[in-house]
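K.L.:
One file: query.tsv (TSV, C-alpha atoms and all ligand atoms).
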```tsv
chain	number	residue	atom	x	y	z
A	1	MET	CA	0.00	0.00	0.00
A	2	ALA	CA	1.24	3.50	-0.79
A	3	ASP	CA	2.68	5.47	2.11
A	4	LEU	CA	0.04	8.04	2.95
A	5	MET	CA	2.09	9.96	5.50
A	6	LYS	CA	2.36	13.58	4.42
A	7	ASP	CA	5.62	15.57	4.53
A	8	PRO	CA	5.69	17.54	7.79
A	9	VAL	CA	5.43	21.30	7.51
A	10	MET	CA	8.51	23.37	8.43
A	11	SER	CA	7.78	26.64	10.23
A	12	ALA	CA	9.92	29.74	9.70
A	13	GLN	CA	11.51	29.24	13.15
A	14	GLN	CA	12.23	25.60	12.48
A	15	PHE	CA	13.81	26.55	9.15
A	16	ALA	CA	15.98	29.17	10.88
A	17	LYS	CA	17.15	26.62	13.47
A	18	LEU	CA	17.90	23.95	10.88
A	19	ALA	CA	19.66	26.38	8.56
A	20	ALA	CA	21.87	27.51	11.47
A	21	ILE	CA	22.69	23.90	12.45
A	22	ILE	CA	23.56	23.00	8.84
A	23	TYR	CA	25.69	26.10	8.39
A	24	GLU	CA	27.52	25.56	11.63
A	25	ARG	CA	28.33	21.98	10.70
A	26	SER	CA	29.12	22.27	6.97
A	27	GLY	CA	29.18	25.89	5.82
A	28	ILE	CA	26.27	25.15	3.47
A	29	HIS	CA	24.12	28.26	3.45
A	30	PHE	CA	20.36	28.02	2.99
A	31	PRO	CA	18.98	31.55	2.49
A	32	GLU	CA	15.37	32.16	3.55
A	33	ASN	CA	14.08	31.91	-0.01
A	34	LYS	CA	15.38	28.31	-0.16
A	35	LYS	CA	13.16	27.06	2.69
A	36	TYR	CA	11.09	25.01	0.24
A	37	VAL	CA	14.27	23.26	-0.97
A	38	LEU	CA	15.26	22.19	2.53
A	39	GLU	CA	11.69	21.18	3.29
A	40	SER	CA	11.39	18.99	0.22
A	41	ARG	CA	14.78	17.32	0.75
A	42	LEU	CA	14.32	16.69	4.46
A	43	GLY	CA	10.65	15.72	4.24
A	44	ARG	CA	11.64	12.30	2.91
A	45	ARG	CA	14.16	11.84	5.71
A	46	LEU	CA	11.56	12.60	8.36
A	47	GLN	CA	9.26	10.05	6.74
A	48	GLU	CA	12.02	7.43	6.82
A	49	LEU	CA	12.54	8.13	10.51
A	50	GLU	CA	8.78	8.18	11.09
A	51	VAL	CA	9.21	11.55	12.72
A	52	ASP	CA	6.28	13.83	11.99
A	53	ASP	CA	7.53	17.11	13.34
A	54	TYR	CA	10.67	19.19	12.74
A	55	ASP	CA	11.14	20.06	16.43
A	56	GLN	CA	11.65	16.38	17.12
A	57	TYR	CA	14.11	16.15	14.25
A	58	ILE	CA	16.02	19.21	15.47
A	59	SER	CA	16.43	17.69	18.92
A	60	PHE	CA	17.51	14.39	17.31
A	61	LEU	CA	20.27	16.39	15.54
A	62	SER	CA	21.19	18.33	18.65
A	63	VAL	CA	21.48	15.64	21.32
A	64	GLY	CA	21.72	11.90	21.59
A	65	PRO	CA	24.04	9.13	20.50
A	66	TYR	CA	22.96	9.07	16.83
A	67	ARG	CA	23.46	12.73	15.98
A	68	ASP	CA	26.71	12.24	13.99
A	69	ASP	CA	25.14	9.42	11.96
A	70	GLU	CA	22.09	11.56	11.36
A	71	PHE	CA	24.22	14.47	10.12
A	72	GLN	CA	25.70	12.11	7.55
A	73	GLU	CA	22.21	10.96	6.47
A	74	MET	CA	21.16	14.56	6.28
A	75	PHE	CA	24.14	15.59	4.11
A	76	ASN	CA	23.38	12.68	1.81
A	77	LYS	CA	19.91	14.19	1.37
A	78	ILE	CA	20.64	17.90	1.15
A	79	THR	CA	23.76	18.02	-1.03
A	80	ILE	CA	23.60	18.37	-4.81
A	81	ASN	CA	25.89	15.78	-6.33
A	82	GLU	CA	25.62	16.81	-9.98
A	83	THR	CA	28.87	16.11	-11.85
A	84	SER	CA	30.24	14.28	-14.89
A	85	PHE	CA	33.46	13.11	-16.48
A	86	PHE	CA	35.23	15.89	-18.39
A	87	ARG	CA	32.85	18.51	-17.00
A	88	ASN	CA	33.71	21.90	-18.48
A	89	GLU	CA	36.37	20.59	-20.81
A	90	PRO	CA	37.90	23.98	-21.78
A	91	GLN	CA	38.93	24.48	-18.17
A	92	LEU	CA	40.34	20.96	-17.96
A	93	ASP	CA	42.28	21.70	-21.13
A	94	VAL	CA	43.83	24.69	-19.40
A	95	PHE	CA	44.96	22.40	-16.62
A	96	GLU	CA	46.33	19.74	-18.95
A	97	LYS	CA	47.80	21.83	-21.76
A	98	GLN	CA	48.91	24.99	-20.01
A	99	PHE	CA	49.76	23.86	-16.56
A	100	LEU	CA	50.49	20.17	-16.19
A	101	GLY	CA	53.56	20.11	-18.47
A	102	ARG	CA	55.31	22.85	-16.50
A	103	LEU	CA	54.43	21.16	-13.25
A	104	LEU	CA	55.77	17.78	-14.38
A	105	GLU	CA	58.97	19.46	-15.49
A	106	SER	CA	59.46	21.12	-12.12
A	107	ARG	CA	58.74	17.85	-10.29
A	108	GLY	CA	61.19	15.98	-12.53
A	109	THR	CA	63.50	15.15	-9.63
A	110	SER	CA	61.01	14.00	-7.00
A	111	LYS	CA	58.73	12.48	-9.64
A	112	ARG	CA	55.88	12.99	-7.23
A	113	LEU	CA	52.59	14.68	-8.07
A	114	ARG	CA	49.59	15.22	-5.81
A	115	LEU	CA	46.23	16.48	-7.02
A	116	TRP	CA	43.16	17.13	-4.90
A	117	SER	CA	39.57	17.24	-6.07
A	118	ALA	CA	37.86	18.83	-3.08
A	119	ALA	CA	34.10	18.13	-3.05
A	120	CYS	CA	34.37	15.48	-5.76
A	121	SER	CA	30.86	14.09	-5.38
A	122	THR	CA	30.66	10.65	-7.05
A	123	GLY	CA	34.27	10.76	-8.26
A	124	GLU	CA	34.07	11.77	-11.92
A	125	GLU	CA	36.28	14.84	-11.44
A	126	PRO	CA	39.32	13.17	-9.79
A	127	LEU	CA	39.05	10.22	-12.20
A	128	THR	CA	39.08	12.70	-15.11
A	129	LEU	CA	42.22	14.36	-13.70
A	130	ALA	CA	43.86	10.94	-13.40
A	131	MET	CA	43.03	10.22	-17.06
A	132	GLN	CA	44.59	13.54	-18.06
A	133	VAL	CA	47.79	12.82	-16.13
A	134	HIS	CA	47.82	9.26	-17.48
A	135	ARG	CA	47.65	10.34	-21.11
A	136	THR	CA	50.16	13.15	-20.56
A	137	LEU	CA	52.77	10.97	-18.91
A	138	GLY	CA	52.20	7.88	-21.04
A	139	LEU	CA	54.85	5.26	-20.34
A	140	ARG	CA	56.73	7.67	-18.06
A	141	LEU	CA	53.97	7.15	-15.50
A	142	MET	CA	55.80	4.02	-14.31
A	143	ASP	CA	58.57	6.22	-12.87
A	144	TRP	CA	56.16	8.56	-11.12
A	145	ARG	CA	54.20	8.52	-7.91
A	146	VAL	CA	50.97	10.21	-8.85
A	147	GLU	CA	48.25	10.54	-6.24
A	148	VAL	CA	44.83	11.95	-6.96
A	149	LEU	CA	42.63	12.44	-3.93
A	150	GLY	CA	38.87	12.93	-4.10
A	151	THR	CA	37.07	14.12	-0.98
A	152	ASP	CA	33.46	14.95	-0.22
A	153	ILE	CA	31.17	15.42	2.75
A	154	SER	CA	28.67	12.88	1.41
A	155	GLU	CA	29.51	9.26	2.16
A	156	ARG	CA	26.77	8.14	-0.17
A	157	ALA	CA	28.41	9.98	-3.08
A	158	LEU	CA	31.80	8.52	-2.16
A	159	ALA	CA	30.36	5.01	-2.08
A	160	VAL	CA	29.47	5.42	-5.77
A	161	ALA	CA	32.99	6.74	-6.43
A	162	ALA	CA	34.53	3.70	-4.74
A	163	GLU	CA	32.64	1.37	-7.10
A	164	GLY	CA	34.07	2.98	-10.25
A	165	LYS	CA	30.97	2.00	-12.19
A	166	TYR	CA	28.94	4.69	-13.93
A	167	ALA	CA	25.74	5.08	-15.94
A	168	ASP	CA	25.56	6.79	-19.35
A	169	TYR	CA	24.69	10.12	-17.76
A	170	ALA	CA	28.14	10.34	-16.15
A	171	VAL	CA	29.93	10.05	-19.48
A	172	ARG	CA	27.67	12.41	-21.41
A	173	SER	CA	30.55	14.86	-22.03
A	174	THR	CA	33.19	12.21	-22.59
A	175	SER	CA	34.56	11.70	-26.09
A	176	PRO	CA	34.24	8.27	-27.74
A	177	LEU	CA	38.04	8.07	-27.83
A	178	ILE	CA	38.34	8.50	-24.07
A	179	LYS	CA	35.51	6.05	-23.47
A	180	GLN	CA	37.33	3.50	-25.56
A	181	LYS	CA	40.64	4.11	-23.84
A	182	TYR	CA	39.63	4.39	-20.19
A	183	PHE	CA	36.31	2.57	-19.79
A	184	LYS	CA	34.97	-0.88	-20.27
A	185	GLN	CA	31.30	-1.16	-21.10
A	186	ASP	CA	29.37	-3.62	-19.00
A	187	GLY	CA	25.70	-3.66	-20.00
A	188	PRO	CA	24.34	-0.23	-19.14
A	189	TYR	CA	27.42	0.67	-17.11
A	190	TRP	CA	30.82	2.12	-17.82
A	191	ASN	CA	33.59	0.66	-15.65
A	192	VAL	CA	36.66	2.84	-15.18
A	193	ASP	CA	39.97	1.23	-16.16
A	194	PRO	CA	41.74	-0.20	-13.07
A	195	ALA	CA	44.94	1.64	-14.09
A	196	ILE	CA	43.08	4.92	-13.57
A	197	ARG	CA	41.26	3.78	-10.45
A	198	GLN	CA	44.49	2.90	-8.74
A	199	MET	CA	45.77	6.45	-9.20
A	200	VAL	CA	42.80	7.82	-7.23
A	201	HIS	CA	41.64	7.37	-3.69
A	202	PHE	CA	38.64	8.77	-1.87
A	203	GLU	CA	38.10	10.09	1.63
A	204	THR	CA	35.29	11.76	3.50
A	205	LEU	CA	36.17	15.36	4.29
A	206	ASN	CA	34.05	18.29	5.33
A	207	LEU	CA	35.64	21.44	3.89
A	208	LYS	CA	34.98	23.07	7.25
A	209	ASP	CA	37.39	20.65	8.87
A	210	ARG	CA	40.68	22.52	8.73
A	211	LEU	CA	42.57	19.96	10.82
A	212	GLY	CA	41.27	17.13	8.65
A	213	ALA	CA	42.51	19.01	5.58
A	214	LYS	CA	45.91	19.64	7.16
A	215	ARG	CA	46.30	15.91	7.71
A	216	LEU	CA	46.05	15.41	3.91
A	217	GLY	CA	49.36	17.22	3.33
A	218	LYS	CA	50.35	19.49	0.45
A	219	PHE	CA	49.05	19.34	-3.10
A	220	ASP	CA	50.40	20.57	-6.42
A	221	VAL	CA	46.95	21.28	-7.82
A	222	ILE	CA	43.59	21.73	-6.13
A	223	PHE	CA	40.27	21.57	-7.97
A	224	CYS	CA	37.25	22.83	-6.07
A	225	ARG	CA	34.46	23.36	-8.55
A	226	ASN	CA	30.75	23.94	-8.18
A	227	VAL	CA	30.55	23.72	-4.42
A	228	MET	CA	31.42	27.21	-3.20
A	229	ILE	CA	28.15	28.41	-4.73
A	230	TYR	CA	26.48	26.76	-1.71
A	231	PHE	CA	28.61	28.70	0.79
A	232	ASP	CA	28.45	32.28	2.00
A	233	ASP	CA	31.45	34.65	1.77
A	234	ALA	CA	32.73	33.83	5.27
A	235	MET	CA	32.83	30.10	4.52
A	236	ARG	CA	34.30	30.72	1.04
A	237	ALA	CA	37.13	32.75	2.55
A	238	GLN	CA	37.72	30.06	5.18
A	239	VAL	CA	37.93	27.33	2.52
A	240	ILE	CA	40.17	29.37	0.19
A	241	ASN	CA	42.56	30.16	3.06
A	242	MET	CA	42.64	26.46	3.92
A	243	PHE	CA	43.52	25.70	0.26
A	244	HIS	CA	46.32	28.25	0.50
A	245	ASP	CA	47.83	26.25	3.37
A	246	GLN	CA	47.49	22.95	1.51
A	247	LEU	CA	48.81	24.13	-1.87
A	248	ALA	CA	52.47	24.09	-2.97
A	249	ASP	CA	53.81	27.61	-3.57
A	250	ASP	CA	54.03	27.00	-7.31
A	251	GLY	CA	50.73	25.11	-7.45
A	252	ALA	CA	47.36	26.12	-8.88
A	253	LEU	CA	43.79	26.34	-7.71
A	254	PHE	CA	40.92	25.75	-10.13
A	255	ILE	CA	37.41	26.82	-9.12
A	256	GLY	CA	34.19	26.49	-11.11
A	257	HIS	CA	34.21	28.66	-14.23
A	258	SER	CA	31.11	30.56	-13.12
A	259	GLU	CA	32.20	30.97	-9.51
A	260	SER	CA	33.54	34.18	-8.10
A	261	LEU	CA	36.11	35.07	-5.47
A	262	ARG	CA	35.35	38.75	-5.87
A	263	GLY	CA	35.46	40.70	-2.67
A	264	LEU	CA	37.11	37.95	-0.65
A	265	ASN	CA	40.22	38.90	1.20
A	266	VAL	CA	42.25	35.84	0.23
A	267	PRO	CA	45.90	35.45	-0.76
A	268	PHE	CA	45.41	34.28	-4.36
A	269	GLU	CA	45.58	36.04	-7.68
A	270	GLN	CA	43.97	35.17	-10.94
A	271	VAL	CA	46.10	34.28	-13.92
A	272	ASN	CA	44.41	34.63	-17.27
A	273	ILE	CA	45.18	32.20	-20.01
A	274	PRO	CA	43.70	32.50	-23.53
A	275	GLN	CA	41.22	29.67	-22.88
A	276	GLY	CA	40.48	30.30	-19.22
A	277	PHE	CA	41.97	31.19	-15.87
A	278	VAL	CA	43.61	29.71	-12.84
A	279	TYR	CA	44.44	30.99	-9.38
A	280	VAL	CA	47.96	31.02	-7.98
A	281	LYS	CA	49.34	32.12	-4.63
A	282	LYS	CA	49.92	35.85	-4.37
A	283	GLY	CA	53.58	36.61	-4.94
A	284	HIS	CA	54.24	33.27	-6.65
A	285	ALA	CA	52.92	33.84	-10.16
A	286	LYS	CA	56.44	33.78	-11.59
A	287	GLU	CA	57.03	30.19	-10.49
A	288	ALA	CA	53.45	28.97	-10.81
A	289	ALA	CA	52.53	30.48	-14.14
A	290	PRO	CA	55.53	31.74	-16.10
A	291	ASN	CA	54.59	33.58	-19.30
A	292	MET	CA	50.97	33.87	-18.28
A	293	THR	CA	49.00	37.03	-17.56
A	294	VAL	CA	48.09	38.04	-14.06
A	295	GLY	CA	44.73	39.78	-14.06
A	296	GLY	CA	44.82	41.91	-10.92
A	297	THR	CA	43.97	40.76	-7.45
A	298	LEU	CA	41.15	38.28	-7.29
A	299	PRO	CA	38.69	39.90	-9.63
A	300	LEU	CA	35.44	38.41	-10.80
A	301	THR	CA	35.82	35.05	-12.50
A	302	PRO	CA	33.23	34.91	-15.23
A	303	ALA	CA	33.07	32.46	-18.12
A	304	ALA	CA	36.30	30.76	-19.14
A	305	GLY	CA	38.35	32.80	-21.52
A	306	THR	CA	37.18	36.25	-20.53
A	307	VAL	CA	39.29	38.77	-18.72
A	308	PRO	CA	37.22	40.34	-15.95
A	309	PRO	CA	36.27	43.99	-16.34
A	310	GLY	CA	38.34	46.36	-14.28
A	311	SER	CA	41.33	44.07	-14.01
A	312	THR	CA	44.67	45.31	-15.20
A	313	PRO	CA	46.43	42.36	-16.70
A	314	ARG	CA	50.19	42.24	-16.56
A	315	LYS	CA	52.55	39.70	-18.01
A	316	VAL	CA	54.48	37.44	-15.67
A	317	ALA	CA	58.12	37.51	-16.71
B	1	LIG	C1	27.78	19.85	-7.46
B	1	LIG	S1	28.91	18.76	-6.68
B	1	LIG	C2	30.42	19.19	-7.48
B	1	LIG	C3	31.21	18.00	-7.95
B	1	LIG	C4	32.43	18.31	-8.79
B	1	LIG	N1	33.38	19.12	-8.07
B	1	LIG	C5	32.06	18.98	-10.08
B	1	LIG	O1	32.27	20.18	-10.25
B	1	LIG	O2	31.54	18.30	-10.97
B	1	LIG	C6	29.07	19.54	-5.06
B	1	LIG	C7	29.60	18.60	-4.01
B	1	LIG	O3	29.99	19.36	-2.88
B	1	LIG	C8	29.81	18.56	-1.73
B	1	LIG	N2	29.84	19.42	-0.52
B	1	LIG	C9	28.93	20.32	-0.11
B	1	LIG	N3	29.31	20.89	1.05
B	1	LIG	C10	30.50	20.34	1.38
B	1	LIG	C11	31.39	20.52	2.46
B	1	LIG	N4	31.15	21.38	3.46
B	1	LIG	N5	32.52	19.77	2.50
B	1	LIG	C12	32.78	18.88	1.50
B	1	LIG	N6	31.97	18.67	0.45
B	1	LIG	C13	30.84	19.39	0.38
B	1	LIG	C14	28.49	17.87	-1.99
B	1	LIG	O4	28.33	16.70	-1.22
B	1	LIG	C15	28.56	17.60	-3.49
B	1	LIG	O5	28.99	16.29	-3.76
```
Could you express the structure from this file as structure tokens?
P.N.:
Amino acid sequence: MADLMKDPVMSAQQFAKLAAIIYERSGIHFPENKKYVLESRLGRRLQELEVDDYDQYISFLSVGPYRDDEFQEMFNKITINETSFFRNEPQLDVFEKQFLGRLLESRGTSKRLRLWSAACSTGEEPLTLAMQVHRTLGLRLMDWRVEVLGTDISERALAVAAEGKYADYAVRSTSPLIKQKYFKQDGPYWNVDPAIRQMVHFETLNLKDRLGAKRLGKFDVIFCRNVMIYFDDAMRAQVINMFHDQLADDGALFIGHSESLRGLNVPFEQVNIPQGFVYVKKGHAKEAAPNMTVGGTLPLTPAAGTVPPGSTPRKVA
């Protein structure tokens, strides 16, 4: 028989309390006009728990032995896990064609490379980066220690990543050539080549957890795309400062092509490249992006390939 229980109604006060709890725990910001979003995502969770009132749910999240587990269930429900292989390819091309070669050259002695896809959802982004490094290094990969780390707050998303098995939707922007090279078709699924999977590992990490991030060590490149749109400026600045600590001085930070760091007081500057942009540590553009153009201090980052208005580009010697 169909479940006739109706979604409980969330009052304005209950929304305010829940939004504050969620923000405090994860930095995810639900503005007042997104009450209906929270209500529709959590309604199902309350039904599963057979809880018919948000006050009860709020106290479940606030006290008691199961609150940490419930936070995880809640993040599984409220996060948007939209992603795909080779998402926004022009930006990935910037990484591979303009940046990776120089980085490999400078790491020629240690032969060690560490990439981080922070908020990787179901794993398509870090697996894409691994494919890019794999095809760039070719046979030389044998001499290298390449580590690609994918982290996310949602354990449910990471469980999909750990399986390495994807539906058609995940490869919708992947070229037939790449599919042939790095995937094996298995009925309706696409299995990622074990050679790529072994370059990548996954861990749960809340981007609010600065100590947890510190434990991961330093990275040469950090990708953090399409998640900061869910944060407010204070959380964005906190996350960007954390990336600054975890990034090598000559490394690069890639954020979503439609995301903006405008107005944030953070120690990065934008480097414009004909096909896109990348962020490097302030004062390190010479090592991180030789021969590229620095576009002022953290201006707006609009669509890939456009220099933000008001910036005064200068060439890095
Ligand atoms: C839209 S996906 C982006 C995936 C991928 N980076 C991309 O651009 O295709 C956003 C991801 O951010 C994660 N997320 C949201 N808040 C987070 C937080 N505080 N810490 C870590 N991950 C978070 C969500 O679980 C979700 O998987």
K.L.:
Kindly indicate which residue among A:Ile22, A:Leu137, A:Cys224, A:Met74 lies nearest to Arg236 (chain A), using only C-alpha atoms for the distances.
P.N.:
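Among the listed residues, the smallest separation from Arg236 (chain A) belongs to A:Cys224.
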K.L.:
Please check which protein, DNA or RNA residues sit within 8 Å of ligand LIG 1 (chain B), counting only C-alpha atoms and all ligand atoms, and write them as an MDAnalysis selection string.
P.N.:
chainID A and resid 25:28 75:76 79:85 87 117:125 151:154 157 204:208 223:228 230:231 256
K.L.:
Of the candidates A:Tyr182, A:Trp190, A:Phe95, A:Tyr279, which one gets nearest to Ala170 (chain A) if we count only C-alpha atoms?
P.N.:
A:Trp190
K.L.:
Skipping near chain neighbours, those fewer than 5 positions away, what residues fall within 7 Å of Lys165 (chain A) using only C-alpha atoms, listed as a compact mmCIF listing (two decimals) with C-alpha atoms, keeping the file's coordinate frame?
P.N.:
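Now in selection.txt:
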```txt
# COMPACT_ATOMS: atom_id res chain seq x y z
CA TYR A 189 27.42 0.67 -17.11
CA TRP A 190 30.82 2.12 -17.82
CA ASN A 191 33.59 0.66 -15.65
CA VAL A 192 36.66 2.84 -15.18
```
K.L.:
Between A:Phe71, A:Phe183, A:Phe99, A:Phe60, which is the closest to Ala252 (chain A) once you count only C-alpha atoms?
P.N.:
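Looking at the shortest contact to Ala252 (chain A), the residue is A:Phe99.
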K.L.:
By how many Å are CA of Glu259 (chain A) and CA of Gly101 (chain A) apart?
P.N.:
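Calculated distance between CA of Glu259 (chain A) and CA of Gly101 (chain A) is 25.6 Å.
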K.L.:
Could you tell me how far CA of Asp52 (chain A) lies from CA of Ser11 (chain A), in Å and to one decimal?
P.N.:
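CA of Ser11 (chain A) lies 13.0 Å from CA of Asp52 (chain A).
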K.L.:
Have a look at CA of Asp250 (chain A) and CA of Pro90 (chain A) and let me know their distance in Å, one decimal.
P.N.:
21.9 Å
K.L.:
Point out the residue among A:Tyr57, A:Phe219, A:Phe268, A:Phe202 with the least atom-to-atom distance to Leu103 (chain A), counting all atoms listed in the file.
P.N.:
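Using all atoms listed in the file, the shortest distance to Leu103 (chain A) belongs to A:Phe219.
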K.L.:
Could you tell me which of A:Ile178, A:Met131, A:Ile229, A:Ala167 comes closest to Arg197 (chain A) if we count all atoms listed in the file?
P.N.:
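Going through A:Ile178, A:Met131, A:Ile229, A:Ala167 one by one, the smallest distance to Arg197 (chain A) is for A:Met131.
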K.L.:
Which of these, A:Asp232, A:Asp245, A:Val171, A:Gln275, has the shortest distance to Leu261 (chain A) once you count all atoms listed in the file?
P.N.:
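Closest residue, counting all atoms listed in the file: A:Asp232.
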